[in-house]
Amino acid sequence: MINNKAKLNFDIILVEPKIGGNIGAIARLCQNFNVNKLVLVAPQIDHNNDEARQRAKHSHYYLENAEIWESLESIRDTYSFLIGTSAKAGRNYNVLRQPSYPWELHEMLGVTEGKIGLVFGREDRGLSNEELRNCDFLVNIPVPAKFKVMNISHAVAVVLYEIWKLIFQKEVKLTEEKSSNSKEREILFDTFKEIVEALPYEEHRKPIVFHSFTTMINRSFSTSEEIHSLIGIFKTIKQNCSEKIEE
């Protein structure tokens with residue numbers, strides 16, 4: 001069974017949000033994707049007002065337990081990584097705005113166990129260059145249309161979905177595909193070794209071939225089904241070789 005309750009060790013950080021409906025919609029997304037918590041930096045409105053609560057639906061927990069900070073700089077040391085987001089992707093002339101993309105964020109899940117903050121800027125003007133200096137890198141959502149600025153809640157949804165997508169795919173793979181065990185691989189290796197030994201091949205090269213094969217299989221993290229398929233085909237090869245020798 002797929003564990004759809006897996007928790008992302010990410011906080012969503014909104015800088016100076018001023019529209020209650022956006023805050024509420026983002027709280028709902030936090031609930032949808034099991035985000036750790038919602039953090040508000042210098043909010044320009046009561047984040048728990050009627051509009052926010054209406055948009056949050058059954059996600060009032062994130063509004064009621066939101067952390068409030070005065071500035072992005074003051075929050076910096078509480079995170080291992082701060083990931084800034086912006087609709088304005090720069091080129092070589094603006095190093096601060098050279099972006100990564102949402103589908104690349106999953107790589108961080110495998111390299112850090114620390115707390116990560118996803119930082120989204122103001123609804124009207126995003127994050128300043130100074131605020132981006134407090135982030136470890138920038139993420140941009142490429143949009144094909146001429147008007148490239150997404151609604152902030154939509155941008156949060158895209159980023160969270162791209163992070164969750166790989167986690168979901170990994171869980172499906174682990175659920176549906178049982179990893180092979182050492183006993184299964186041992187049977188495969190023994191069968192392969194018997195074939196190699198029976199072949200008219202230079203004797204001093206046979207150990208090298210066998211070692212190369214075992215290394216390749218172990219590095220591939222093959223599933224049980226894959227190993228059994230190889231065992232089956234190698235046993236067939238072994239049997240055919242034996243019959244030809246007898247003839």
# chains A, B, ... in the order shown; residues from 1 in each chain; ligands from 1
$ select_by_dssp --residues "stretch 54-171 of chain A" --states "helix (DSSP H, G or I)" --output "number ranges by chain"
A: 54-56, 60-64, 72-78, 95-97, 102-104, 106-109, 129-133, 152-171
$ select_by_dssp --residues "stretch 37-170 of chain A" --states "strand (DSSP E or B)" --output "PyMOL selection string"
chain A and resi 37-41+67-69+81-85+99-100+116-120+122+126+137-139
$ write_last_selection --atoms "N, CA and C atoms" --output "mmCIF file, in the first residue's frame"
data_model
loop_
_atom_site.group_PDB
_atom_site.id
_atom_site.type_symbol
_atom_site.label_atom_id
_atom_site.label_comp_id
_atom_site.auth_asym_id
_atom_site.auth_seq_id
_atom_site.Cartn_x
_atom_site.Cartn_y
_atom_site.Cartn_z
ATOM 1 N N LYS A 37 4.997 22.983 7.763
ATOM 2 C CA LYS A 37 4.259 24.112 8.343
ATOM 3 C C LYS A 37 4.293 25.308 7.400
ATOM 4 N N LEU A 38 3.438 26.269 7.714
ATOM 5 C CA LEU A 38 3.353 27.520 6.966
ATOM 6 C C LEU A 38 4.033 28.616 7.781
ATOM 7 N N VAL A 39 4.926 29.367 7.120
ATOM 8 C CA VAL A 39 5.669 30.438 7.777
ATOM 9 C C VAL A 39 5.391 31.740 7.034
ATOM 10 N N LEU A 40 5.070 32.799 7.772
ATOM 11 C CA LEU A 40 4.752 34.099 7.179
ATOM 12 C C LEU A 40 5.770 35.132 7.643
ATOM 13 N N VAL A 41 6.374 35.817 6.681
ATOM 14 C CA VAL A 41 7.351 36.860 6.997
ATOM 15 C C VAL A 41 6.680 38.214 6.801
ATOM 16 N N GLU A 67 3.849 30.250 11.725
ATOM 17 C CA GLU A 67 4.896 31.007 12.405
ATOM 18 C C GLU A 67 5.020 32.385 11.746
ATOM 19 N N ILE A 68 5.221 33.414 12.566
ATOM 20 C CA ILE A 68 5.365 34.779 12.066
ATOM 21 C C ILE A 68 6.773 35.274 12.366
ATOM 22 N N TRP A 69 7.455 35.784 11.320
ATOM 23 C CA TRP A 69 8.800 36.337 11.479
ATOM 24 C C TRP A 69 8.833 37.752 10.903
ATOM 25 N N PHE A 81 18.570 24.782 4.169
ATOM 26 C CA PHE A 81 18.493 25.351 2.834
ATOM 27 C C PHE A 81 17.268 26.243 2.726
ATOM 28 N N LEU A 82 17.450 27.422 2.124
ATOM 29 C CA LEU A 82 16.332 28.263 1.731
ATOM 30 C C LEU A 82 16.309 28.317 0.205
ATOM 31 N N ILE A 83 15.176 27.973 -0.366
ATOM 32 C CA ILE A 83 15.030 27.950 -1.815
ATOM 33 C C ILE A 83 14.112 29.089 -2.215
ATOM 34 N N GLY A 84 14.657 30.099 -2.867
ATOM 35 C CA GLY A 84 13.857 31.222 -3.319
ATOM 36 C C GLY A 84 13.147 30.890 -4.623
ATOM 37 N N THR A 85 12.015 31.529 -4.862
ATOM 38 C CA THR A 85 11.268 31.333 -6.108
ATOM 39 C C THR A 85 11.017 32.693 -6.752
ATOM 40 N N PRO A 99 18.367 30.438 -12.537
ATOM 41 C CA PRO A 99 17.484 29.525 -11.817
ATOM 42 C C PRO A 99 17.788 28.042 -11.990
ATOM 43 N N SER A 100 17.251 27.270 -11.038
ATOM 44 C CA SER A 100 17.000 25.849 -11.215
ATOM 45 C C SER A 100 15.506 25.747 -11.512
ATOM 46 N N ILE A 116 14.201 22.419 5.188
ATOM 47 C CA ILE A 116 14.248 23.199 3.958
ATOM 48 C C ILE A 116 13.065 24.155 3.911
ATOM 49 N N GLY A 117 13.324 25.388 3.525
ATOM 50 C CA GLY A 117 12.258 26.372 3.372
ATOM 51 C C GLY A 117 12.088 26.760 1.920
ATOM 52 N N LEU A 118 10.858 26.689 1.423
ATOM 53 C CA LEU A 118 10.531 27.150 0.074
ATOM 54 C C LEU A 118 9.965 28.553 0.188
ATOM 55 N N VAL A 119 10.677 29.526 -0.352
ATOM 56 C CA VAL A 119 10.340 30.932 -0.131
ATOM 57 C C VAL A 119 9.625 31.508 -1.354
ATOM 58 N N PHE A 120 8.434 32.064 -1.116
ATOM 59 C CA PHE A 120 7.660 32.706 -2.178
ATOM 60 C C PHE A 120 7.498 34.175 -1.840
ATOM 61 N N ARG A 122 6.297 38.409 -2.638
ATOM 62 C CA ARG A 122 5.066 39.187 -2.611
ATOM 63 C C ARG A 122 4.223 38.940 -3.862
ATOM 64 N N GLY A 126 7.252 39.984 -5.982
ATOM 65 C CA GLY A 126 8.135 38.859 -5.699
ATOM 66 C C GLY A 126 9.192 39.142 -4.647
ATOM 67 N N PHE A 137 19.562 29.020 -3.373
ATOM 68 C CA PHE A 137 19.431 29.105 -4.822
ATOM 69 C C PHE A 137 18.004 29.455 -5.205
ATOM 70 N N LEU A 138 17.815 29.682 -6.490
ATOM 71 C CA LEU A 138 16.537 30.180 -7.006
ATOM 72 C C LEU A 138 15.864 29.130 -7.873
ATOM 73 N N VAL A 139 14.548 29.054 -7.749
ATOM 74 C CA VAL A 139 13.743 28.178 -8.603
ATOM 75 C C VAL A 139 12.799 29.039 -9.421
#
$ residues_around --residues "A:Val156" --least-positions-apart "3" --cutoff "8 Å" --atoms "only C-alpha atoms" --output "VMD selection string"
chain A and resid 26 29 120 152 to 153 159 to 160
$ write_last_selection --atoms "N, CA and C atoms" --output "PDB file, in the first residue's frame"
ATOM      1  N   ILE A  26      -3.006  28.509  -0.056  1.00  0.00           N
ATOM      2  CA  ILE A  26      -1.708  27.885   0.174  1.00  0.00           C
ATOM      3  C   ILE A  26      -1.758  26.993   1.407  1.00  0.00           C
ATOM      4  N   LEU A  29      -3.045  23.794   0.243  1.00  0.00           N
ATOM      5  CA  LEU A  29      -2.010  23.037  -0.451  1.00  0.00           C
ATOM      6  C   LEU A  29      -1.047  22.373   0.535  1.00  0.00           C
ATOM      7  N   PHE A 120       8.434  32.064  -1.116  1.00  0.00           N
ATOM      8  CA  PHE A 120       7.660  32.706  -2.178  1.00  0.00           C
ATOM      9  C   PHE A 120       7.498  34.175  -1.840  1.00  0.00           C
ATOM     10  N   ILE A 152       0.369  33.299  -6.953  1.00  0.00           N
ATOM     11  CA  ILE A 152       1.286  32.693  -5.995  1.00  0.00           C
ATOM     12  C   ILE A 152       0.818  31.312  -5.528  1.00  0.00           C
ATOM     13  N   SER A 153      -0.485  31.141  -5.345  1.00  0.00           N
ATOM     14  CA  SER A 153      -0.965  29.826  -4.903  1.00  0.00           C
ATOM     15  C   SER A 153      -0.778  28.779  -5.996  1.00  0.00           C
ATOM     16  N   VAL A 159       5.255  23.769  -7.609  1.00  0.00           N
ATOM     17  CA  VAL A 159       6.498  23.373  -6.949  1.00  0.00           C
ATOM     18  C   VAL A 159       6.265  22.158  -6.044  1.00  0.00           C
ATOM     19  N   LEU A 160       5.209  22.192  -5.257  1.00  0.00           N
ATOM     20  CA  LEU A 160       4.931  21.069  -4.365  1.00  0.00           C
ATOM     21  C   LEU A 160       4.637  19.796  -5.143  1.00  0.00           C
TER      22      LEU A 160
END
$ residues_around --residues "A:Asn134" --least-positions-apart "5" --cutoff "8 Å" --atoms "only C-alpha atoms" --output "list in words"
Leu72, Glu73, Arg76 and Leu82 of chain A
$ residues_around --residues "A:Asn9" --least-positions-apart "5" --cutoff "8 Å" --atoms "only C-alpha atoms" --output "list in words"
Val35, Asn36, Gly114, Lys115 and Ile116 of chain A
$ closest_residue --among "A:Ile237, A:Ile12, A:Ile19, A:Ala145" --to "A:Pro43" --atoms "only C-alpha atoms"
A:Ile19
